[in-house]
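The structure appears below as structure tokens.
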Amino acid sequence: MNRTLLITSVSLVVLILCWSNVQAKASNLTVSEFRQLYDSLLAGKTLVSEVKKDGTDVRKERIFGRAIDIDDGQFELPVKILITTSKNGEIQQKIAIDVWDVVHNLGGSAIISEQVRKTSIENKGQETFTTRDVEFQGDFHVSKNDKGGFDVHSFGLQPSVLAKDGKMSLAGNMVSNSCFPENGVTKCVLTIRDYVLGDYKSLEGFTLVGPAGGDVVEVAVEAKH
């Protein structure tokens, strides 16, 4: 390869890398941009997903509150999740979860830190059990999608436990939630992908072995009142 061709090739590679970096950065949403999309797509709305199988009906409602300003343009989002499980038309269990999302600025991009602040479980024929233990759910990065909405995905791999054939092993999961307008209502597609994890090395992290089974996909659509 002659010198001119080598320089041209190197320049082309650098240009492609720079363009890819610009494109990746362009997909990020600032806190204010995310606020605008949230206000138009989710604020004050209830999104519902429902799964029916073998006489069991699991209905999940996500009630999105209005944004609460904190400081420097950042804000908090109260979200209530109601899960009702019915068997042959009779309610077996009700779960209410209070989620608190803090949307803050990290290097110009919107990042969400999520906490569960209260959980209530009511089983048929039993008293309601309530816990106010705060549970950190992870950090999530926000980017815009090509459907006029936004995607929220896990900022890092969240360690969990994988149960298979009666054995427990260390696993991890990554979460993606894509929200967008469709036919006059808001639609969100939640995808959870579990991974098998190998050994952990300090300052390097877990060895990612591969996906564990198929994705869990949940589609929620805005309920019209």
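Following the order of the structure tokens, chains are lettered A, B, ..., residues in each are numbered from 1, and ligands are numbered from 1.
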_I want to know what sits within 8 Å of Glu50 (chain A), based on only C-alpha atoms, with residues of the same chain fewer than 3 positions away left out; could you give that as a count of residues only?_
5
Would you please give, as a JSON list (two decimals) with N, CA and C atoms, in the first residue's frame, all residues of region 85-211 of chain A that DSSP assigns to strand (DSSP E) based on the backbone?
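Saved file selection21.json follows:
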[["chain", "number", "residue", "atom", "x", "y", "z"],
["A", 85, "THR", "N", -53.64, -9.66, 40.17],
["A", 85, "THR", "CA", -53.67, -11.02, 39.65],
["A", 85, "THR", "C", -55.01, -11.66, 39.96],
["A", 86, "SER", "N", -55.67, -12.13, 38.92],
["A", 86, "SER", "CA", -56.98, -12.77, 39.09],
["A", 86, "SER", "C", -56.94, -14.20, 38.52],
["A", 87, "LYS", "N", -57.69, -15.08, 39.16],
["A", 87, "LYS", "CA", -57.80, -16.47, 38.70],
["A", 87, "LYS", "C", -59.26, -16.77, 38.43],
["A", 90, "GLU", "N", -61.60, -14.09, 39.71],
["A", 90, "GLU", "CA", -61.56, -13.74, 41.13],
["A", 90, "GLU", "C", -60.17, -13.22, 41.49],
["A", 91, "ILE", "N", -60.13, -12.05, 42.15],
["A", 91, "ILE", "CA", -58.86, -11.43, 42.51],
["A", 91, "ILE", "C", -58.12, -12.26, 43.56],
["A", 92, "GLN", "N", -56.86, -12.59, 43.27],
["A", 92, "GLN", "CA", -56.04, -13.38, 44.17],
["A", 92, "GLN", "C", -55.00, -12.52, 44.90],
["A", 93, "GLN", "N", -54.52, -11.49, 44.22],
["A", 93, "GLN", "CA", -53.47, -10.68, 44.81],
["A", 93, "GLN", "C", -53.47, -9.29, 44.21],
["A", 94, "LYS", "N", -53.15, -8.29, 45.07],
["A", 94, "LYS", "CA", -52.96, -6.92, 44.62],
["A", 94, "LYS", "C", -51.62, -6.42, 45.15],
["A", 95, "ILE", "N", -50.84, -5.83, 44.28],
["A", 95, "ILE", "CA", -49.54, -5.26, 44.67],
["A", 95, "ILE", "C", -49.51, -3.80, 44.24],
["A", 96, "ALA", "N", -49.12, -2.92, 45.18],
["A", 96, "ALA", "CA", -48.97, -1.49, 44.87],
["A", 96, "ALA", "C", -47.53, -1.10, 45.17],
["A", 97, "ILE", "N", -46.86, -0.49, 44.18],
["A", 97, "ILE", "CA", -45.45, -0.12, 44.33],
["A", 97, "ILE", "C", -45.30, 1.36, 44.03],
["A", 98, "ASP", "N", -44.67, 2.08, 44.96],
["A", 98, "ASP", "CA", -44.37, 3.50, 44.75],
["A", 98, "ASP", "C", -42.92, 3.63, 44.29],
["A", 99, "VAL", "N", -42.75, 4.15, 43.08],
["A", 99, "VAL", "CA", -41.43, 4.31, 42.49],
["A", 99, "VAL", "C", -41.10, 5.79, 42.41],
["A", 100, "TRP", "N", -39.85, 6.15, 42.69],
["A", 100, "TRP", "CA", -39.41, 7.54, 42.63],
["A", 100, "TRP", "C", -38.21, 7.63, 41.71],
["A", 101, "ASP", "N", -38.37, 8.34, 40.60],
["A", 101, "ASP", "CA", -37.28, 8.53, 39.65],
["A", 101, "ASP", "C", -36.71, 9.94, 39.77],
["A", 102, "VAL", "N", -35.41, 10.04, 39.89],
["A", 102, "VAL", "CA", -34.73, 11.33, 39.92],
["A", 102, "VAL", "C", -34.00, 11.51, 38.59],
["A", 103, "VAL", "N", -34.35, 12.54, 37.84],
["A", 103, "VAL", "CA", -33.74, 12.80, 36.54],
["A", 103, "VAL", "C", -32.69, 13.88, 36.72],
["A", 104, "HIS", "N", -31.43, 13.53, 36.48],
["A", 104, "HIS", "CA", -30.37, 14.50, 36.68],
["A", 104, "HIS", "C", -29.46, 14.56, 35.47],
["A", 105, "ASN", "N", -28.59, 15.55, 35.48],
["A", 105, "ASN", "CA", -27.72, 15.83, 34.34],
["A", 105, "ASN", "C", -26.35, 15.21, 34.56],
["A", 106, "LEU", "N", -25.89, 14.41, 33.61],
["A", 106, "LEU", "CA", -24.56, 13.83, 33.67],
["A", 106, "LEU", "C", -23.86, 14.12, 32.34],
["A", 109, "SER", "N", -26.21, 14.83, 29.46],
["A", 109, "SER", "CA", -27.21, 13.81, 29.14],
["A", 109, "SER", "C", -28.11, 13.54, 30.34],
["A", 110, "ALA", "N", -29.35, 13.19, 30.05],
["A", 110, "ALA", "CA", -30.31, 12.86, 31.11],
["A", 110, "ALA", "C", -30.06, 11.44, 31.61],
["A", 111, "ILE", "N", -29.91, 11.32, 32.93],
["A", 111, "ILE", "CA", -29.74, 10.03, 33.58],
["A", 111, "ILE", "C", -30.81, 9.90, 34.66],
["A", 112, "ILE", "N", -31.43, 8.72, 34.75],
["A", 112, "ILE", "CA", -32.48, 8.48, 35.73],
["A", 112, "ILE", "C", -31.96, 7.54, 36.81],
["A", 113, "SER", "N", -32.09, 7.95, 38.08],
["A", 113, "SER", "CA", -31.80, 7.07, 39.21],
["A", 113, "SER", "C", -33.14, 6.67, 39.81],
["A", 114, "GLU", "N", -33.36, 5.37, 39.92],
["A", 114, "GLU", "CA", -34.68, 4.88, 40.32],
["A", 114, "GLU", "C", -34.66, 4.19, 41.67],
["A", 115, "GLN", "N", -35.68, 4.50, 42.48],
["A", 115, "GLN", "CA", -35.84, 3.88, 43.79],
["A", 115, "GLN", "C", -37.27, 3.38, 43.95],
["A", 116, "VAL", "N", -37.42, 2.25, 44.65],
["A", 116, "VAL", "CA", -38.73, 1.81, 45.13],
["A", 116, "VAL", "C", -38.82, 2.24, 46.58],
["A", 117, "ARG", "N", -39.84, 3.04, 46.92],
["A", 117, "ARG", "CA", -39.92, 3.61, 48.26],
["A", 117, "ARG", "C", -41.00, 2.96, 49.14],
["A", 118, "LYS", "N", -41.95, 2.29, 48.51],
["A", 118, "LYS", "CA", -43.01, 1.64, 49.29],
["A", 118, "LYS", "C", -43.63, 0.52, 48.46],
["A", 119, "THR", "N", -43.86, -0.62, 49.13],
["A", 119, "THR", "CA", -44.50, -1.75, 48.47],
["A", 119, "THR", "C", -45.57, -2.32, 49.38],
["A", 120, "SER", "N", -46.78, -2.49, 48.84],
["A", 120, "SER", "CA", -47.89, -3.09, 49.60],
["A", 120, "SER", "C", -48.38, -4.33, 48.85],
["A", 121, "ILE", "N", -48.54, -5.43, 49.60],
["A", 121, "ILE", "CA", -49.00, -6.69, 49.00],
["A", 121, "ILE", "C", -50.23, -7.17, 49.75],
["A", 122, "GLU", "N", -51.30, -7.41, 49.00],
["A", 122, "GLU", "CA", -52.54, -7.89, 49.60],
["A", 122, "GLU", "C", -52.93, -9.21, 48.92],
["A", 123, "ASN", "N", -52.82, -10.31, 49.68],
["A", 123, "ASN", "CA", -53.22, -11.61, 49.18],
["A", 123, "ASN", "C", -54.64, -11.93, 49.62],
["A", 129, "PHE", "N", -49.69, -6.45, 53.61],
["A", 129, "PHE", "CA", -48.32, -6.30, 54.12],
["A", 129, "PHE", "C", -47.68, -5.12, 53.40],
["A", 130, "THR", "N", -47.13, -4.18, 54.18],
["A", 130, "THR", "CA", -46.53, -2.98, 53.59],
["A", 130, "THR", "C", -45.11, -2.80, 54.10],
["A", 131, "THR", "N", -44.20, -2.50, 53.18],
["A", 131, "THR", "CA", -42.83, -2.19, 53.56],
["A", 131, "THR", "C", -42.44, -0.86, 52.96],
["A", 135, "GLU", "N", -35.40, 0.74, 48.07],
["A", 135, "GLU", "CA", -34.61, -0.20, 47.27],
["A", 135, "GLU", "C", -34.15, 0.48, 45.98],
["A", 136, "PHE", "N", -32.85, 0.54, 45.79],
["A", 136, "PHE", "CA", -32.28, 1.16, 44.59],
["A", 136, "PHE", "C", -32.44, 0.21, 43.40],
["A", 137, "GLN", "N", -33.01, 0.72, 42.31],
["A", 137, "GLN", "CA", -33.29, -0.10, 41.14],
["A", 137, "GLN", "C", -32.27, 0.07, 40.01],
["A", 138, "GLY", "N", -31.39, 1.05, 40.13],
["A", 138, "GLY", "CA", -30.37, 1.23, 39.11],
["A", 138, "GLY", "C", -30.40, 2.61, 38.47],
["A", 139, "ASP", "N", -29.40, 2.86, 37.64],
["A", 139, "ASP", "CA", -29.31, 4.09, 36.86],
["A", 139, "ASP", "C", -29.64, 3.79, 35.41],
["A", 140, "PHE", "N", -30.36, 4.70, 34.76],
["A", 140, "PHE", "CA", -30.82, 4.49, 33.39],
["A", 140, "PHE", "C", -30.46, 5.68, 32.52],
["A", 141, "HIS", "N", -30.01, 5.38, 31.33],
["A", 141, "HIS", "CA", -29.63, 6.41, 30.36],
["A", 141, "HIS", "C", -30.81, 6.67, 29.43],
["A", 142, "VAL", "N", -31.00, 7.92, 29.04],
["A", 142, "VAL", "CA", -32.14, 8.30, 28.18],
["A", 142, "VAL", "C", -31.63, 8.73, 26.81],
["A", 143, "SER", "N", -32.26, 8.23, 25.77],
["A", 143, "SER", "CA", -31.92, 8.64, 24.40],
["A", 143, "SER", "C", -33.20, 8.75, 23.59],
["A", 144, "LYS", "N", -33.15, 9.47, 22.49],
["A", 144, "LYS", "CA", -34.34, 9.60, 21.65],
["A", 144, "LYS", "C", -34.39, 8.46, 20.66],
["A", 150, "PHE", "N", -38.83, 8.35, 23.30],
["A", 150, "PHE", "CA", -37.53, 8.18, 23.95],
["A", 150, "PHE", "C", -37.35, 6.72, 24.38],
["A", 151, "ASP", "N", -36.09, 6.33, 24.55],
["A", 151, "ASP", "CA", -35.72, 5.03, 25.08],
["A", 151, "ASP", "C", -35.00, 5.23, 26.41],
["A", 152, "VAL", "N", -35.32, 4.40, 27.36],
["A", 152, "VAL", "CA", -34.63, 4.39, 28.65],
["A", 152, "VAL", "C", -33.99, 3.03, 28.82],
["A", 153, "HIS", "N", -32.69, 2.97, 29.04],
["A", 153, "HIS", "CA", -32.03, 1.67, 29.19],
["A", 153, "HIS", "C", -31.04, 1.70, 30.35],
["A", 154, "SER", "N", -30.78, 0.53, 30.89],
["A", 154, "SER", "CA", -29.95, 0.43, 32.09],
["A", 154, "SER", "C", -28.56, 0.97, 31.82],
["A", 158, "GLN", "N", -27.07, -5.05, 35.87],
["A", 158, "GLN", "CA", -27.55, -5.21, 37.23],
["A", 158, "GLN", "C", -27.43, -6.67, 37.66],
["A", 159, "PRO", "N", -26.55, -7.00, 38.62],
["A", 159, "PRO", "CA", -26.41, -8.40, 39.06],
["A", 159, "PRO", "C", -27.71, -8.94, 39.62],
["A", 160, "SER", "N", -28.00, -10.20, 39.33],
["A", 160, "SER", "CA", -29.20, -10.84, 39.84],
["A", 160, "SER", "C", -28.90, -12.33, 40.00],
["A", 161, "VAL", "N", -29.93, -13.12, 40.23],
["A", 161, "VAL", "CA", -29.75, -14.56, 40.42],
["A", 161, "VAL", "C", -30.54, -15.30, 39.36],
["A", 162, "LEU", "N", -29.93, -16.30, 38.75],
["A", 162, "LEU", "CA", -30.56, -17.11, 37.72],
["A", 162, "LEU", "C", -30.88, -18.48, 38.28],
["A", 163, "ALA", "N", -32.15, -18.90, 38.21],
["A", 163, "ALA", "CA", -32.56, -20.22, 38.69],
["A", 163, "ALA", "C", -32.84, -21.12, 37.49],
["A", 164, "LYS", "N", -32.15, -22.27, 37.45],
["A", 164, "LYS", "CA", -32.33, -23.20, 36.35],
["A", 164, "LYS", "C", -32.06, -24.62, 36.83],
["A", 167, "LYS", "N", -30.99, -25.16, 40.35],
["A", 167, "LYS", "CA", -29.73, -24.59, 40.79],
["A", 167, "LYS", "C", -29.75, -23.07, 40.64],
["A", 168, "MET", "N", -29.04, -22.40, 41.53],
["A", 168, "MET", "CA", -28.96, -20.94, 41.49],
["A", 168, "MET", "C", -27.56, -20.53, 41.05],
["A", 169, "SER", "N", -27.49, -19.56, 40.16],
["A", 169, "SER", "CA", -26.19, -19.06, 39.73],
["A", 169, "SER", "C", -26.26, -17.54, 39.54],
["A", 170, "LEU", "N", -25.09, -16.92, 39.56],
["A", 170, "LEU", "CA", -25.02, -15.47, 39.41],
["A", 170, "LEU", "C", -25.38, -15.09, 37.98],
["A", 171, "ALA", "N", -26.21, -14.08, 37.86],
["A", 171, "ALA", "CA", -26.64, -13.62, 36.53],
["A", 171, "ALA", "C", -26.68, -12.10, 36.52],
["A", 172, "GLY", "N", -27.05, -11.55, 35.41],
["A", 172, "GLY", "CA", -27.20, -10.11, 35.29],
["A", 172, "GLY", "C", -28.33, -9.82, 34.34],
["A", 173, "ASN", "N", -28.85, -8.60, 34.37],
["A", 173, "ASN", "CA", -29.90, -8.26, 33.41],
["A", 173, "ASN", "C", -29.72, -6.83, 32.94],
["A", 174, "MET", "N", -30.19, -6.59, 31.74],
["A", 174, "MET", "CA", -30.21, -5.25, 31.18],
["A", 174, "MET", "C", -31.65, -4.95, 30.78],
["A", 175, "VAL", "N", -32.04, -3.69, 30.98],
["A", 175, "VAL", "CA", -33.43, -3.28, 30.79],
["A", 175, "VAL", "C", -33.51, -2.18, 29.75],
["A", 176, "SER", "N", -34.50, -2.28, 28.87],
["A", 176, "SER", "CA", -34.76, -1.23, 27.89],
["A", 176, "SER", "C", -36.26, -0.96, 27.86],
["A", 177, "ASN", "N", -36.64, 0.31, 27.91],
["A", 177, "ASN", "CA", -38.05, 0.69, 27.82],
["A", 177, "ASN", "C", -38.19, 1.78, 26.77],
["A", 178, "SER", "N", -38.91, 1.47, 25.70],
["A", 178, "SER", "CA", -39.08, 2.40, 24.59],
["A", 178, "SER", "C", -40.50, 2.94, 24.58],
["A", 179, "CYS", "N", -40.64, 4.27, 24.69],
["A", 179, "CYS", "CA", -41.96, 4.91, 24.71],
["A", 179, "CYS", "C", -42.12, 5.83, 23.51],
["A", 180, "PHE", "N", -43.30, 5.81, 22.90],
["A", 180, "PHE", "CA", -43.53, 6.59, 21.70],
["A", 180, "PHE", "C", -45.03, 6.73, 21.43],
["A", 181, "PRO", "N", -45.43, 7.72, 20.63],
["A", 181, "PRO", "CA", -46.84, 7.88, 20.29],
["A", 181, "PRO", "C", -47.23, 6.92, 19.16],
["A", 182, "GLU", "N", -48.42, 6.35, 19.27],
["A", 182, "GLU", "CA", -48.89, 5.45, 18.21],
["A", 182, "GLU", "C", -50.43, 5.49, 18.17],
["A", 185, "VAL", "N", -52.23, 7.46, 20.98],
["A", 185, "VAL", "CA", -51.99, 7.14, 22.39],
["A", 185, "VAL", "C", -50.50, 6.84, 22.58],
["A", 186, "THR", "N", -50.08, 6.77, 23.84],
["A", 186, "THR", "CA", -48.69, 6.46, 24.15],
["A", 186, "THR", "C", -48.54, 4.95, 24.34],
["A", 187, "LYS", "N", -47.46, 4.43, 23.80],
["A", 187, "LYS", "CA", -47.16, 3.00, 23.90],
["A", 187, "LYS", "C", -45.73, 2.83, 24.41],
["A", 188, "CYS", "N", -45.53, 1.92, 25.35],
["A", 188, "CYS", "CA", -44.19, 1.64, 25.87],
["A", 188, "CYS", "C", -43.91, 0.14, 25.75],
["A", 189, "VAL", "N", -42.74, -0.20, 25.27],
["A", 189, "VAL", "CA", -42.33, -1.60, 25.13],
["A", 189, "VAL", "C", -41.14, -1.84, 26.05],
["A", 190, "LEU", "N", -41.36, -2.61, 27.10],
["A", 190, "LEU", "CA", -40.32, -2.92, 28.08],
["A", 190, "LEU", "C", -39.69, -4.26, 27.72],
["A", 191, "THR", "N", -38.36, -4.28, 27.65],
["A", 191, "THR", "CA", -37.63, -5.52, 27.34],
["A", 191, "THR", "C", -36.58, -5.77, 28.41],
["A", 192, "ILE", "N", -36.59, -6.98, 28.98],
["A", 192, "ILE", "CA", -35.60, -7.36, 29.98],
["A", 192, "ILE", "C", -34.83, -8.57, 29.44],
["A", 193, "ARG", "N", -33.53, -8.44, 29.40],
["A", 193, "ARG", "CA", -32.69, -9.54, 28.90],
["A", 193, "ARG", "C", -31.72, -9.97, 30.00],
["A", 194, "ASP", "N", -31.82, -11.25, 30.37],
["A", 194, "ASP", "CA", -30.93, -11.81, 31.38],
["A", 194, "ASP", "C", -29.66, -12.35, 30.74],
["A", 195, "TYR", "N", -28.56, -12.26, 31.49],
["A", 195, "TYR", "CA", -27.27, -12.76, 31.00],
["A", 195, "TYR", "C", -26.65, -13.72, 32.01],
["A", 196, "VAL", "N", -25.97, -14.72, 31.50],
["A", 196, "VAL", "CA", -25.16, -15.59, 32.35],
["A", 196, "VAL", "C", -23.84, -14.87, 32.59],
["A", 197, "LEU", "N", -23.42, -14.81, 33.85],
["A", 197, "LEU", "CA", -22.20, -14.11, 34.19],
["A", 197, "LEU", "C", -21.11, -15.09, 34.64],
["A", 198, "GLY", "N", -19.89, -14.83, 34.18],
["A", 198, "GLY", "CA", -18.75, -15.63, 34.62],
["A", 198, "GLY", "C", -18.06, -14.96, 35.79],
["A", 199, "ASP", "N", -16.80, -15.26, 35.97],
["A", 199, "ASP", "CA", -16.04, -14.73, 37.10],
["A", 199, "ASP", "C", -15.91, -13.22, 37.04],
["A", 200, "TYR", "N", -15.74, -12.64, 38.23],
["A", 200, "TYR", "CA", -15.56, -11.19, 38.35],
["A", 200, "TYR", "C", -14.09, -10.87, 38.60],
["A", 201, "LYS", "N", -13.58, -9.88, 37.89],
["A", 201, "LYS", "CA", -12.21, -9.41, 38.11],
["A", 201, "LYS", "C", -12.26, -7.94, 38.53],
["A", 205, "GLY", "N", -14.68, -6.16, 35.99],
["A", 205, "GLY", "CA", -16.08, -6.54, 36.02],
["A", 205, "GLY", "C", -16.31, -8.00, 35.73],
["A", 206, "PHE", "N", -17.57, -8.35, 35.46],
["A", 206, "PHE", "CA", -17.95, -9.73, 35.20],
["A", 206, "PHE", "C", -17.62, -10.13, 33.77],
["A", 207, "THR", "N", -17.36, -11.41, 33.58],
["A", 207, "THR", "CA", -17.25, -11.95, 32.23],
["A", 207, "THR", "C", -18.66, -12.22, 31.73],
["A", 208, "LEU", "N", -19.01, -11.64, 30.60],
["A", 208, "LEU", "CA", -20.34, -11.80, 30.05],
["A", 208, "LEU", "C", -20.37, -13.07, 29.21],
["A", 209, "VAL", "N", -21.03, -14.12, 29.71],
["A", 209, "VAL", "CA", -21.03, -15.41, 29.02],
["A", 209, "VAL", "C", -22.01, -15.41, 27.85],
["A", 210, "GLY", "N", -23.20, -14.87, 28.07],
["A", 210, "GLY", "CA", -24.19, -14.82, 26.99],
["A", 210, "GLY", "C", -25.59, -14.69, 27.54],
["A", 211, "PRO", "N", -26.59, -14.43, 26.68],
["A", 211, "PRO", "CA", -27.98, -14.30, 27.12],
["A", 211, "PRO", "C", -28.47, -15.59, 27.77]]
